[in-house]
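J.: Please find entry.cif (mmCIF, C-alpha atoms (C1' of nucleotides)) on the next line:
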```
data_upload
#
loop_
_atom_site.label_atom_id
_atom_site.label_comp_id
_atom_site.auth_asym_id
_atom_site.auth_seq_id
_atom_site.Cartn_x
_atom_site.Cartn_y
_atom_site.Cartn_z
CA MET A 30 63.89 0.07 -78.81
CA LYS A 31 64.65 3.53 -77.68
CA GLU A 32 68.23 4.58 -78.02
CA VAL A 33 70.10 5.58 -74.93
CA SER A 34 71.60 8.96 -75.55
CA GLU A 35 74.92 10.25 -74.32
CA ASP A 36 73.06 12.94 -72.48
CA SER A 37 71.01 10.49 -70.55
CA ILE A 38 74.07 8.51 -69.53
CA ALA A 39 75.77 11.65 -68.29
CA LYS A 40 72.64 12.53 -66.39
CA GLN A 41 72.48 9.14 -64.75
CA ARG A 42 76.13 9.24 -63.86
CA LYS A 43 75.53 12.57 -62.19
CA LEU A 44 72.65 11.09 -60.24
CA PHE A 45 74.90 8.30 -59.09
CA ASP A 46 77.59 10.69 -57.95
CA GLU A 47 75.06 12.71 -56.02
CA PHE A 48 73.80 9.54 -54.41
CA ILE A 49 77.33 8.62 -53.36
CA ARG A 50 77.92 12.03 -51.89
CA ARG A 51 74.63 12.19 -50.05
CA ARG A 52 75.44 8.89 -48.38
CA GLY A 53 78.89 10.00 -47.41
CA LEU A 54 80.46 7.36 -49.64
CA LYS A 55 83.46 7.75 -51.89
CA ARG A 56 84.25 7.44 -55.53
CA SER A 57 86.72 4.89 -56.87
CA ALA A 58 88.09 3.66 -60.18
CA GLN A 59 86.36 0.30 -59.78
CA ARG A 60 82.98 1.84 -59.10
CA ASN A 61 83.33 4.15 -62.04
CA THR A 62 84.12 1.25 -64.31
CA VAL A 63 81.16 -0.85 -63.21
CA VAL A 64 78.77 2.11 -63.36
CA ASP A 65 80.11 2.95 -66.79
CA ILE A 66 79.59 -0.59 -68.05
CA PHE A 67 76.10 -0.74 -66.64
CA LEU A 68 74.98 2.59 -68.01
CA ASN A 69 76.38 1.97 -71.47
CA ASN A 70 74.75 -1.41 -71.78
CA THR A 71 71.19 -1.36 -73.06
CA GLN A 72 70.51 -4.90 -71.90
CA HIS A 73 69.84 -6.31 -68.48
CA VAL A 74 73.11 -7.71 -67.20
CA SER A 75 74.02 -10.22 -64.54
CA CYS A 76 76.94 -9.76 -62.20
CA ASP A 77 78.70 -12.39 -64.26
CA ASP A 78 78.07 -10.44 -67.45
CA VAL A 79 79.56 -7.30 -66.00
CA TYR A 80 82.52 -9.20 -64.60
CA ALA A 81 83.17 -10.72 -68.02
CA ILE A 82 83.12 -7.29 -69.66
CA VAL A 83 85.53 -5.99 -67.06
CA ARG A 84 87.98 -8.79 -67.82
CA ARG A 85 87.52 -8.39 -71.56
CA ARG A 86 88.67 -4.83 -71.07
CA GLY A 87 91.80 -6.22 -69.50
CA LEU A 88 90.90 -4.86 -66.08
CA LYS A 89 90.81 -6.69 -62.79
CA ILE A 90 87.99 -5.96 -60.36
CA GLY A 91 86.91 -8.40 -57.71
CA TYR A 92 83.66 -10.24 -58.10
CA SER A 93 82.40 -8.88 -54.78
CA THR A 94 83.08 -5.34 -55.87
CA VAL A 95 80.98 -5.86 -58.97
CA TYR A 96 78.17 -7.22 -56.83
CA ARG A 97 78.47 -4.40 -54.36
CA THR A 98 78.41 -1.76 -57.07
CA LEU A 99 75.36 -3.25 -58.75
CA LYS A 100 73.61 -3.16 -55.38
CA LEU A 101 74.59 0.48 -55.07
CA LEU A 102 73.15 1.23 -58.49
CA THR A 103 69.95 -0.41 -57.32
CA ALA A 104 69.91 1.61 -54.10
CA ALA A 105 70.49 4.74 -56.19
CA ASN A 106 67.38 3.76 -58.13
CA LEU A 107 69.26 3.58 -61.42
CA ALA A 108 69.06 -0.19 -61.65
CA GLN A 109 66.47 -2.70 -60.66
CA GLU A 110 66.83 -6.41 -60.03
CA VAL A 111 64.98 -8.74 -62.34
CA ASN A 112 64.71 -12.47 -62.22
CA PHE A 113 63.76 -14.65 -65.14
CA GLY A 114 63.55 -17.90 -63.26
CA ASP A 115 67.00 -19.30 -64.02
CA GLY A 116 68.34 -18.50 -60.57
CA VAL A 117 70.43 -15.58 -61.76
CA THR A 118 69.73 -12.04 -60.66
CA ARG A 119 69.98 -9.55 -63.48
CA TYR A 120 70.16 -5.80 -63.26
CA ASP A 121 67.99 -3.84 -65.57
CA HIS A 122 67.82 -0.13 -66.18
CA ASN A 123 65.28 1.69 -64.15
CA TYR A 124 64.01 4.12 -66.71
CA ASN A 125 61.28 5.52 -64.49
CA PHE A 126 62.77 8.90 -64.09
CA ASN A 127 63.52 9.51 -67.70
CA PHE A 128 62.18 7.00 -70.17
CA GLN A 129 59.08 4.98 -70.47
CA ASN A 130 59.26 1.81 -68.43
CA HIS A 131 59.78 -1.34 -70.41
CA TYR A 132 58.62 -4.90 -69.86
CA HIS A 133 59.63 -8.37 -70.97
CA LEU A 134 58.32 -11.24 -73.01
CA ILE A 135 60.34 -14.33 -72.10
CA CYS A 136 60.32 -17.51 -74.14
CA THR A 137 60.14 -20.51 -71.83
CA LEU A 138 61.72 -22.74 -74.45
CA CYS A 139 64.68 -20.84 -75.92
CA GLY A 140 64.97 -18.17 -73.21
CA GLU A 141 64.84 -15.27 -75.63
CA THR A 142 63.62 -12.05 -74.11
CA ILE A 143 61.82 -9.30 -76.00
CA GLU A 144 61.39 -5.87 -74.51
CA PHE A 145 58.31 -3.79 -75.01
CA THR A 146 56.68 -0.69 -73.64
CA SER A 147 53.03 -0.05 -72.97
CA ARG A 148 51.37 3.17 -71.99
CA ALA A 149 48.25 1.22 -71.09
CA VAL A 150 50.14 -0.91 -68.59
CA ASP A 151 51.86 2.14 -67.16
CA LYS A 152 48.54 3.83 -66.59
CA SER A 153 46.92 0.82 -64.94
CA GLN A 154 49.78 0.53 -62.53
CA LYS A 155 49.58 4.14 -61.48
CA SER A 156 45.88 3.92 -60.77
CA ILE A 157 46.25 0.69 -58.83
CA ALA A 158 49.02 2.09 -56.66
CA ARG A 159 46.87 5.11 -55.92
CA LYS A 160 43.94 2.92 -55.00
CA TYR A 161 45.98 1.11 -52.34
CA GLY A 162 47.69 4.21 -50.99
CA PHE A 163 50.95 2.83 -52.29
CA THR A 164 53.87 5.00 -53.45
CA PRO A 165 55.37 3.10 -56.38
CA GLN A 166 59.14 3.08 -56.81
CA HIS A 167 59.48 0.68 -59.69
CA HIS A 168 57.63 -2.22 -61.17
CA LYS A 169 58.14 -5.09 -63.49
CA LEU A 170 56.00 -7.09 -65.79
CA GLU A 171 57.03 -10.35 -67.37
CA ILE A 172 55.05 -12.44 -69.79
CA TYR A 173 56.23 -16.02 -70.18
CA GLY A 174 55.30 -18.08 -73.20
CA LEU A 175 56.46 -19.38 -76.55
CA CYS A 176 58.05 -17.05 -79.06
CA ARG A 177 57.18 -17.18 -82.74
CA GLU A 178 60.10 -19.44 -83.63
CA CYS A 179 59.52 -21.92 -80.83
CA GLN A 180 55.85 -22.28 -81.69
CA ALA A 181 56.74 -23.25 -85.23
CA ALA A 182 59.25 -25.84 -84.05
CA MET B 21 40.40 -11.64 -52.41
CA LYS B 22 38.52 -14.34 -54.25
CA GLU B 23 37.83 -17.46 -52.28
CA VAL B 24 39.15 -20.74 -53.56
CA SER B 25 36.28 -23.17 -53.76
CA GLU B 26 36.43 -26.89 -53.05
CA ASP B 27 35.38 -27.49 -56.61
CA SER B 28 38.31 -25.61 -57.99
CA ILE B 29 40.76 -27.53 -55.84
CA ALA B 30 39.31 -30.83 -56.98
CA LYS B 31 39.56 -29.63 -60.55
CA GLN B 32 43.18 -28.67 -60.15
CA ARG B 33 44.00 -31.93 -58.47
CA LYS B 34 42.47 -33.72 -61.41
CA LEU B 35 44.58 -31.64 -63.78
CA PHE B 36 47.67 -32.62 -61.83
CA ASP B 37 46.81 -36.31 -61.97
CA GLU B 38 46.26 -36.08 -65.71
CA PHE B 39 49.61 -34.37 -66.07
CA ILE B 40 51.29 -37.15 -64.09
CA ARG B 41 49.68 -39.82 -66.21
CA ARG B 42 50.42 -38.12 -69.53
CA ARG B 43 54.08 -37.95 -68.57
CA GLY B 44 54.22 -41.58 -67.57
CA LEU B 45 54.93 -40.65 -63.96
CA LYS B 46 53.50 -42.16 -60.83
CA ARG B 47 51.48 -41.05 -57.88
CA SER B 48 52.80 -41.20 -54.34
CA ALA B 49 51.75 -40.27 -50.84
CA GLN B 50 54.41 -37.56 -50.62
CA ARG B 51 53.35 -35.94 -53.86
CA ASN B 52 49.74 -35.98 -52.83
CA THR B 53 50.58 -34.28 -49.57
CA VAL B 54 52.60 -31.50 -51.17
CA VAL B 55 50.04 -30.93 -53.91
CA ASP B 56 47.31 -30.87 -51.28
CA ILE B 57 49.16 -28.30 -49.19
CA PHE B 58 49.86 -26.12 -52.20
CA LEU B 59 46.33 -26.18 -53.55
CA ASN B 60 44.72 -25.49 -50.18
CA ASN B 61 46.96 -22.55 -49.47
CA THR B 62 45.79 -19.26 -50.91
CA GLN B 63 49.16 -17.60 -50.46
CA HIS B 64 52.37 -17.93 -52.42
CA VAL B 65 54.56 -20.38 -50.53
CA SER B 66 58.26 -21.09 -50.51
CA CYS B 67 59.68 -24.58 -50.39
CA ASP B 68 60.51 -23.87 -46.78
CA ASP B 69 56.92 -22.89 -46.03
CA VAL B 70 55.59 -26.12 -47.46
CA TYR B 71 58.23 -28.14 -45.65
CA ALA B 72 57.25 -26.47 -42.35
CA ILE B 73 53.58 -27.28 -42.93
CA VAL B 74 54.47 -30.88 -43.65
CA ARG B 75 56.34 -31.18 -40.35
CA ARG B 76 53.60 -29.38 -38.47
CA ARG B 77 51.30 -32.11 -39.69
CA GLY B 78 53.66 -34.57 -38.10
CA LEU B 79 54.74 -36.00 -41.45
CA LYS B 80 58.22 -36.51 -42.75
CA ILE B 81 58.97 -35.70 -46.38
CA GLY B 82 62.44 -34.93 -47.64
CA TYR B 83 63.29 -31.39 -48.57
CA SER B 84 64.23 -32.46 -52.09
CA THR B 85 60.90 -34.14 -52.57
CA VAL B 86 59.11 -30.93 -51.69
CA TYR B 87 61.27 -29.05 -54.18
CA ARG B 88 60.72 -31.64 -56.85
CA THR B 89 56.98 -31.62 -56.37
CA LEU B 90 56.75 -27.84 -56.52
CA LYS B 91 58.66 -28.01 -59.80
CA LEU B 92 56.17 -30.56 -61.04
CA LEU B 93 53.28 -28.30 -60.12
CA THR B 94 54.99 -25.57 -62.11
CA ALA B 95 55.48 -27.86 -65.09
CA ALA B 96 51.83 -28.83 -64.84
CA ASN B 97 51.04 -25.13 -65.08
CA LEU B 98 49.24 -25.08 -61.75
CA ALA B 99 51.96 -23.10 -60.02
CA GLN B 100 54.29 -20.38 -61.12
CA GLU B 101 57.55 -19.26 -59.60
CA VAL B 102 57.70 -15.73 -58.24
CA ASN B 103 60.59 -13.88 -56.80
CA PHE B 104 60.32 -10.85 -54.56
CA GLY B 105 64.00 -10.05 -54.43
CA ASP B 106 64.90 -11.72 -51.14
CA GLY B 107 66.61 -14.64 -52.82
CA VAL B 108 63.81 -17.07 -52.09
CA THR B 109 61.71 -18.63 -54.82
CA ARG B 110 58.06 -18.74 -54.01
CA TYR B 111 55.33 -20.68 -55.75
CA ASP B 112 52.15 -18.90 -56.53
CA HIS B 113 48.91 -20.19 -57.94
CA ASN B 114 48.54 -19.94 -61.64
CA TYR B 115 44.96 -18.94 -61.91
CA ASN B 116 45.06 -18.44 -65.67
CA PHE B 117 42.87 -21.34 -66.57
CA ASN B 118 40.16 -20.64 -64.07
CA PHE B 119 40.42 -17.36 -62.24
CA GLN B 120 41.49 -13.91 -63.06
CA ASN B 121 45.22 -13.49 -62.78
CA HIS B 122 46.40 -11.55 -59.77
CA TYR B 123 49.38 -9.28 -59.26
CA HIS B 124 51.43 -7.95 -56.38
CA LEU B 125 52.23 -4.71 -54.65
CA ILE B 126 55.38 -5.26 -52.57
CA CYS B 127 56.52 -2.85 -49.87
CA THR B 128 60.27 -2.38 -50.10
CA LEU B 129 60.47 -1.41 -46.44
CA CYS B 130 58.35 -3.90 -44.49
CA GLY B 131 58.03 -6.56 -47.18
CA GLU B 132 54.26 -6.72 -47.06
CA THR B 133 52.63 -7.92 -50.25
CA ILE B 134 49.17 -6.97 -51.41
CA GLU B 135 47.44 -8.88 -54.15
CA PHE B 136 45.23 -7.25 -56.71
CA THR B 137 43.57 -8.03 -59.99
CA SER B 138 43.17 -5.84 -63.02
CA ARG B 139 41.17 -6.46 -66.13
CA ALA B 140 42.97 -3.57 -67.81
CA VAL B 141 46.36 -5.16 -67.24
CA ASP B 142 45.08 -8.54 -68.40
CA LYS B 143 43.84 -7.01 -71.62
CA SER B 144 47.04 -5.11 -72.35
CA GLN B 145 49.06 -8.25 -71.92
CA LYS B 146 46.96 -10.22 -74.33
CA SER B 147 47.23 -7.60 -77.02
CA ILE B 148 50.97 -7.25 -76.58
CA ALA B 149 51.53 -10.99 -76.84
CA ARG B 150 49.48 -11.04 -80.01
CA LYS B 151 51.49 -8.20 -81.46
CA TYR B 152 54.74 -10.13 -81.05
CA GLY B 153 53.36 -13.47 -82.20
CA PHE B 154 53.90 -14.75 -78.70
CA THR B 155 51.77 -17.47 -77.08
CA PRO B 156 51.51 -16.46 -73.44
CA GLN B 157 51.59 -19.15 -70.76
CA HIS B 158 51.64 -17.02 -67.66
CA HIS B 159 52.74 -13.60 -66.60
CA LYS B 160 53.50 -11.65 -63.51
CA LEU B 161 53.43 -8.04 -62.54
CA GLU B 162 55.02 -6.66 -59.42
CA ILE B 163 54.92 -3.08 -58.23
CA TYR B 164 57.53 -2.19 -55.62
CA GLY B 165 57.12 0.82 -53.40
CA LEU B 166 56.08 2.02 -49.97
CA CYS B 167 52.85 0.86 -48.40
CA ARG B 168 50.53 3.27 -46.60
CA GLU B 169 51.97 2.45 -43.15
CA CYS B 170 55.59 2.78 -44.18
CA GLN B 171 55.01 6.15 -45.80
CA ALA B 172 53.59 7.49 -42.57
CA ALA B 173 56.54 6.23 -40.57
"C1'" DG C 5 59.59 -56.86 -62.90
"C1'" DT C 6 60.56 -52.50 -64.44
"C1'" DA C 7 60.59 -47.82 -64.08
"C1'" DC C 8 59.77 -44.18 -61.16
"C1'" DT C 9 60.18 -41.99 -56.43
"C1'" DT C 10 62.33 -41.02 -52.13
"C1'" DG C 11 65.58 -39.39 -48.69
"C1'" DC C 12 69.81 -38.52 -47.40
"C1'" DA C 13 74.21 -36.48 -47.93
"C1'" DA C 14 77.16 -34.38 -50.94
"C1'" DA C 15 77.67 -31.15 -54.75
"C1'" DT C 16 76.66 -27.01 -57.04
"C1'" DT C 17 75.54 -22.22 -57.67
"C1'" DA C 18 74.73 -17.62 -56.46
"C1'" DT C 19 75.63 -14.30 -53.26
"C1'" DT C 20 77.53 -12.30 -48.97
"C1'" DT C 21 80.93 -11.38 -45.46
"C1'" DG C 22 85.34 -10.91 -42.58
"C1'" DC C 23 89.46 -9.00 -42.67
"C1'" DA C 24 94.05 -7.05 -43.88
"C1'" DC C 25 95.55 -3.75 -46.84
"C1'" DA C 26 94.80 0.19 -50.10
"C1'" DT C 27 92.66 4.52 -51.21
"C1'" DC C 28 89.86 8.75 -51.09
"C1'" DA C 29 88.53 13.12 -49.01
"C1'" DT D 15 94.24 10.90 -40.48
"C1'" DG D 16 90.11 8.54 -40.47
"C1'" DA D 17 86.45 6.55 -42.82
"C1'" DT D 18 85.40 3.97 -46.78
"C1'" DG D 19 86.62 0.70 -50.63
"C1'" DT D 20 88.85 -3.54 -52.43
"C1'" DG D 21 90.05 -8.26 -53.13
"C1'" DC D 22 90.55 -12.48 -51.71
"C1'" DA D 23 89.11 -16.57 -49.45
"C1'" DA D 24 85.90 -18.46 -46.58
"C1'" DA D 25 81.00 -18.58 -45.17
"C1'" DT D 26 76.23 -18.79 -46.17
"C1'" DA D 27 71.96 -19.88 -48.47
"C1'" DA D 28 69.18 -21.85 -51.82
"C1'" DT D 29 68.72 -25.39 -54.82
"C1'" DT D 30 70.09 -29.63 -57.31
"C1'" DT D 31 71.94 -34.21 -57.87
"C1'" DG D 32 73.84 -39.11 -57.21
"C1'" DC D 33 72.67 -43.15 -55.48
"C1'" DA D 34 70.87 -47.11 -52.76
"C1'" DA D 35 66.63 -48.62 -51.21
"C1'" DG D 36 61.48 -48.37 -51.46
"C1'" DT D 37 57.09 -48.28 -54.11
"C1'" DA D 38 53.56 -47.89 -57.86
"C1'" DC D 39 51.60 -49.99 -61.77
#
```
How does the structure come out when it is put into C-alpha cells?
T.:
Amino acid sequence: MKEVSEDSIAKQRKLFDEFIRRRGLKRSAQRNTVVDIFLNNTQHVSCDDVYAIVRRRGLKIGYSTVYRTLKLLTAANLAQEVNFGDGVTRYDHNYNFNFQNHYHLICTLCGETIEFTSRAVDKSQKSIARKYGFTPQHHKLEIYGLCRECQAA
Amino acid sequence: MKEVSEDSIAKQRKLFDEFIRRRGLKRSAQRNTVVDIFLNNTQHVSCDDVYAIVRRRGLKIGYSTVYRTLKLLTAANLAQEVNFGDGVTRYDHNYNFNFQNHYHLICTLCGETIEFTSRAVDKSQKSIARKYGFTPQHHKLEIYGLCRECQAA
DNA sequence: GTACTTGCAAATTATTTGCACATCA
DNA sequence: TGATGTGCAAATAATTTGCAAGTAC
C-alpha cells in the first residue's frame, strides 16, 4: 500500500482550511483534532473509531462533533463514506485528487478487508461516466467473498 | 436494460426453495409473497418499498417478516445489499449466476441512479480476486457524481 | 408433535438535532 | 459583537429481537 507522505497530509489540511474559509465557517481545536486523526490514519475509520482515538489521547470531544467533522471532511471531498454491510458508516480517504483510487476485497466470513488499486478499473469508470454524460466525483468498488484463510477453514 | 424473463424468475424461485430445504427451513405464504415481489421487481428495493407493495396488494405481512425474508434472499445469494449513502439498505438482484453484473451511477444532487454493465470491469474484478487468492461471491461498483441534468442546472 | 415462522411491541444501534453556552473572526 | 461551534441529552430512523401463538412437514 502506498505510503501517505507528510507533504500530502499538509496539502489535504490546506484544502480543508480553504474549504472552511470558502464556506464562511470557522476553525476550532476540536475540528483540527478530528481532521488530524483522519488524515493521519491510513485506514477507513468509523465515527466510533475516531472517537476512541480522541479519548485515547486523553481529549474530550463530543460524539456529535466527531460526526459533524467527518461529514465536513466528506463535503470537502477529502473523505468518502463507505459501507461494508455491518450497519456502520466508515470514512475512507478520497484519494482522487492525488493518489490512485483504491478498492476493497471484503471477506464475508471473517470481515477482513484488503485494499487494492487497479488502473484497468479506473479507466473503465472514466469511460462509462463519459458515456452517460456523468461528471464523476468519487466511486467505490467492493468485492465480497472468501479470503484465502477462510477458504481453507 | 436487460429484461428479466419468466424463465429466469422461475429458476431463481427454484434456487430459493432449494436453499430453504437445504437449511431445514420451511415455506410459508408470507415468504412466497416477499420472494415473488423481489424477483418480479427489476429495481433495487428497500424493505419499506417491499412492505408498501405488500400493503398495496391488500395483504398484511409484518415489517420484521419482510426484513427477515430479504435477509434470507441475501443468504441464498439471490439478493445483495446495496447502500447509496442515505442510510437505507436496499436489496438488489444478484445476477452473478445468470446475467451480467450491473453497476450504478448515482447523482449526488438529485439521487437518480443509472444502471450499467461493463465487461471490462467484470474482467478486472476476476483477475484481482485471483491475484489475492480470494473467492468472489458478489461485488458492487458505484460511481457518484453529477448527472447530465444536474450539471446543466 | 416438533421445529420453524409470524407479528407485535419493545429493544437496540447508528445518527441527527435542539438548545444553552462557549468560541472564533 | 455576531455568527458559528460544541456538548449534552433527547429525538429520530433503521433494524433486530423476545416471545406467545400459529403453521408446515
J.: Please return the superposed copy of chain B as a tab-separated table (two decimals) with C-alpha atoms, in the coordinates of the input; the fit should be least squares onto chain A across all sequentially paired Cα atoms.
T.:
```tsv
chain	number	residue	atom	x	y	z
B	21	MET	CA	63.93	-0.03	-78.91
B	22	LYS	CA	64.68	3.48	-77.75
B	23	GLU	CA	68.27	4.55	-78.06
B	24	VAL	CA	70.11	5.62	-74.97
B	25	SER	CA	71.60	9.02	-75.59
B	26	GLU	CA	74.93	10.30	-74.31
B	27	ASP	CA	73.06	12.98	-72.46
B	28	SER	CA	71.01	10.49	-70.55
B	29	ILE	CA	74.07	8.53	-69.51
B	30	ALA	CA	75.77	11.67	-68.25
B	31	LYS	CA	72.62	12.53	-66.36
B	32	GLN	CA	72.46	9.14	-64.73
B	33	ARG	CA	76.11	9.25	-63.84
B	34	LYS	CA	75.50	12.57	-62.16
B	35	LEU	CA	72.60	11.06	-60.24
B	36	PHE	CA	74.87	8.27	-59.07
B	37	ASP	CA	77.55	10.68	-57.91
B	38	GLU	CA	74.97	12.68	-55.99
B	39	PHE	CA	73.73	9.49	-54.38
B	40	ILE	CA	77.28	8.59	-53.35
B	41	ARG	CA	77.86	12.00	-51.85
B	42	ARG	CA	74.52	12.15	-50.02
B	43	ARG	CA	75.33	8.83	-48.38
B	44	GLY	CA	78.78	9.94	-47.33
B	45	LEU	CA	80.40	7.35	-49.57
B	46	LYS	CA	83.40	7.73	-51.80
B	47	ARG	CA	84.21	7.44	-55.44
B	48	SER	CA	86.68	4.90	-56.78
B	49	ALA	CA	88.06	3.70	-60.07
B	50	GLN	CA	86.36	0.32	-59.72
B	51	ARG	CA	82.97	1.85	-59.05
B	52	ASN	CA	83.31	4.17	-61.98
B	53	THR	CA	84.13	1.28	-64.26
B	54	VAL	CA	81.16	-0.82	-63.19
B	55	VAL	CA	78.76	2.11	-63.33
B	56	ASP	CA	80.12	2.99	-66.76
B	57	ILE	CA	79.62	-0.55	-68.04
B	58	PHE	CA	76.11	-0.73	-66.65
B	59	LEU	CA	74.98	2.61	-68.01
B	60	ASN	CA	76.42	2.01	-71.47
B	61	ASN	CA	74.81	-1.37	-71.79
B	62	THR	CA	71.25	-1.34	-73.07
B	63	GLN	CA	70.57	-4.88	-71.95
B	64	HIS	CA	69.88	-6.31	-68.52
B	65	VAL	CA	73.17	-7.71	-67.24
B	66	SER	CA	74.07	-10.23	-64.59
B	67	CYS	CA	76.97	-9.77	-62.22
B	68	ASP	CA	78.77	-12.36	-64.30
B	69	ASP	CA	78.15	-10.40	-67.49
B	70	VAL	CA	79.62	-7.25	-66.00
B	71	TYR	CA	82.56	-9.16	-64.58
B	72	ALA	CA	83.26	-10.66	-68.03
B	73	ILE	CA	83.18	-7.22	-69.64
B	74	VAL	CA	85.59	-5.93	-67.04
B	75	ARG	CA	88.07	-8.71	-67.80
B	76	ARG	CA	87.61	-8.28	-71.53
B	77	ARG	CA	88.74	-4.72	-71.02
B	78	GLY	CA	91.85	-6.11	-69.44
B	79	LEU	CA	90.95	-4.78	-66.00
B	80	LYS	CA	90.85	-6.62	-62.74
B	81	ILE	CA	88.01	-5.93	-60.32
B	82	GLY	CA	86.94	-8.38	-57.65
B	83	TYR	CA	83.70	-10.23	-58.08
B	84	SER	CA	82.40	-8.88	-54.78
B	85	THR	CA	83.09	-5.34	-55.86
B	86	VAL	CA	81.00	-5.84	-58.97
B	87	TYR	CA	78.18	-7.23	-56.84
B	88	ARG	CA	78.45	-4.42	-54.36
B	89	THR	CA	78.39	-1.78	-57.05
B	90	LEU	CA	75.36	-3.27	-58.77
B	91	LYS	CA	73.60	-3.18	-55.40
B	92	LEU	CA	74.56	0.45	-55.08
B	93	LEU	CA	73.13	1.22	-58.49
B	94	THR	CA	69.93	-0.45	-57.35
B	95	ALA	CA	69.86	1.57	-54.14
B	96	ALA	CA	70.43	4.70	-56.19
B	97	ASN	CA	67.35	3.71	-58.17
B	98	LEU	CA	69.24	3.57	-61.45
B	99	ALA	CA	69.05	-0.20	-61.69
B	100	GLN	CA	66.48	-2.74	-60.70
B	101	GLU	CA	66.87	-6.43	-60.09
B	102	VAL	CA	65.02	-8.78	-62.41
B	103	ASN	CA	64.76	-12.49	-62.30
B	104	PHE	CA	63.81	-14.68	-65.22
B	105	GLY	CA	63.61	-17.93	-63.32
B	106	ASP	CA	67.05	-19.33	-64.09
B	107	GLY	CA	68.41	-18.55	-60.65
B	108	VAL	CA	70.48	-15.62	-61.83
B	109	THR	CA	69.78	-12.06	-60.75
B	110	ARG	CA	70.03	-9.58	-63.53
B	111	TYR	CA	70.18	-5.82	-63.31
B	112	ASP	CA	68.03	-3.85	-65.63
B	113	HIS	CA	67.84	-0.14	-66.22
B	114	ASN	CA	65.28	1.70	-64.23
B	115	TYR	CA	64.01	4.10	-66.77
B	116	ASN	CA	61.27	5.49	-64.55
B	117	PHE	CA	62.74	8.90	-64.09
B	118	ASN	CA	63.52	9.53	-67.71
B	119	PHE	CA	62.16	7.01	-70.15
B	120	GLN	CA	59.08	4.97	-70.47
B	121	ASN	CA	59.28	1.80	-68.46
B	122	HIS	CA	59.78	-1.35	-70.47
B	123	TYR	CA	58.63	-4.91	-69.89
B	124	HIS	CA	59.60	-8.38	-71.00
B	125	LEU	CA	58.26	-11.26	-73.01
B	126	ILE	CA	60.29	-14.36	-72.09
B	127	CYS	CA	60.23	-17.55	-74.13
B	128	THR	CA	60.07	-20.54	-71.81
B	129	LEU	CA	61.64	-22.78	-74.43
B	130	CYS	CA	64.60	-20.90	-75.92
B	131	GLY	CA	64.93	-18.22	-73.24
B	132	GLU	CA	64.78	-15.31	-75.65
B	133	THR	CA	63.55	-12.08	-74.13
B	134	ILE	CA	61.76	-9.34	-76.02
B	135	GLU	CA	61.36	-5.90	-74.54
B	136	PHE	CA	58.28	-3.81	-75.04
B	137	THR	CA	56.67	-0.70	-73.68
B	138	SER	CA	53.03	-0.03	-72.98
B	139	ARG	CA	51.37	3.18	-72.00
B	140	ALA	CA	48.25	1.23	-71.07
B	141	VAL	CA	50.15	-0.89	-68.57
B	142	ASP	CA	51.91	2.16	-67.16
B	143	LYS	CA	48.59	3.86	-66.59
B	144	SER	CA	46.96	0.87	-64.92
B	145	GLN	CA	49.84	0.57	-62.53
B	146	LYS	CA	49.65	4.16	-61.47
B	147	SER	CA	45.96	3.97	-60.75
B	148	ILE	CA	46.31	0.74	-58.80
B	149	ALA	CA	49.09	2.15	-56.63
B	150	ARG	CA	46.94	5.17	-55.91
B	151	LYS	CA	44.02	2.98	-54.96
B	152	TYR	CA	46.07	1.19	-52.30
B	153	GLY	CA	47.80	4.30	-50.98
B	154	PHE	CA	51.04	2.89	-52.29
B	155	THR	CA	53.96	5.04	-53.48
B	156	PRO	CA	55.45	3.14	-56.39
B	157	GLN	CA	59.22	3.11	-56.85
B	158	HIS	CA	59.53	0.69	-59.73
B	159	HIS	CA	57.66	-2.19	-61.20
B	160	LYS	CA	58.16	-5.06	-63.54
B	161	LEU	CA	55.98	-7.10	-65.79
B	162	GLU	CA	57.03	-10.36	-67.36
B	163	ILE	CA	55.00	-12.46	-69.75
B	164	TYR	CA	56.20	-16.04	-70.14
B	165	GLY	CA	55.23	-18.11	-73.13
B	166	LEU	CA	56.37	-19.41	-76.49
B	167	CYS	CA	57.95	-17.11	-79.03
B	168	ARG	CA	57.01	-17.24	-82.71
B	169	GLU	CA	59.95	-19.52	-83.62
B	170	CYS	CA	59.38	-21.99	-80.81
B	171	GLN	CA	55.71	-22.36	-81.64
B	172	ALA	CA	56.57	-23.34	-85.18
B	173	ALA	CA	59.08	-25.92	-84.01
```
J.: List the residues matched by the PyMOL selection byres ((chain C) within 10 of (chain B)) in the displayed structure as a tab-separated table (two decimals) with C-alpha atoms (C1' of nucleotides), in the coordinates of the input, ordered by chain and then by residue number.
T.:
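Wrote selection09.tsv, looks like this:
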```tsv
chain	number	residue	atom	x	y	z
C	7	DA	C1'	60.59	-47.82	-64.08
C	8	DC	C1'	59.77	-44.18	-61.16
C	9	DT	C1'	60.18	-41.99	-56.43
C	10	DT	C1'	62.33	-41.02	-52.13
C	11	DG	C1'	65.58	-39.39	-48.69
C	12	DC	C1'	69.81	-38.52	-47.40
C	18	DA	C1'	74.73	-17.62	-56.46
C	19	DT	C1'	75.63	-14.30	-53.26
```
J.: Quick one: which residues end up in the PyMOL selection byres ((chain D) within 10 of (chain A)) for this structure, as a count of residues only?
T.: 8
J.: Enumerate as a list of chain:residue names the residues belonging to chain A that approach chain B to within 6 Å, with all atoms listed in the file taken into account.
T.: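 Residues satisfying the distance criterion: A:Val150, A:Gly162, A:Phe163, A:Thr164, A:Pro165, A:Gln166, A:His167, A:His168, A:Lys169, A:Leu170, A:Glu171, A:Ile172, A:Tyr173, A:Gly174, A:Leu175, A:Cys176, A:Arg177.
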J.: Would you kindly translate the PyMOL selection byres ((chain A and resi 64-71) around 9) into the concrete residues it picks from this file, as a ChimeraX atom specification?
T.: /A:32-33,35,38,41-42,45,59-63,72-74,79,82-83,98-99,102,107-108,120-122
J.: Could you give me, as a PDB file with C-alpha atoms (C1' of nucleotides), keeping the file's coordinate frame, the residues that sit within 10 Å of (88.2, -10.2, -42.3) in the file's coordinates, counting all atoms listed in the file?
T.:
```pdb
ATOM      1  C1'  DT C  21      80.930 -11.380 -45.460  1.00  0.00           C
ATOM      2  C1'  DG C  22      85.340 -10.910 -42.580  1.00  0.00           C
ATOM      3  C1'  DC C  23      89.460  -9.000 -42.670  1.00  0.00           C
ATOM      4  C1'  DA C  24      94.050  -7.050 -43.880  1.00  0.00           C
TER       5       DA C  24
ATOM      6  C1'  DC D  22      90.550 -12.480 -51.710  1.00  0.00           C
ATOM      7  C1'  DA D  23      89.110 -16.570 -49.450  1.00  0.00           C
ATOM      8  C1'  DA D  24      85.900 -18.460 -46.580  1.00  0.00           C
TER       9       DA D  24
END
```
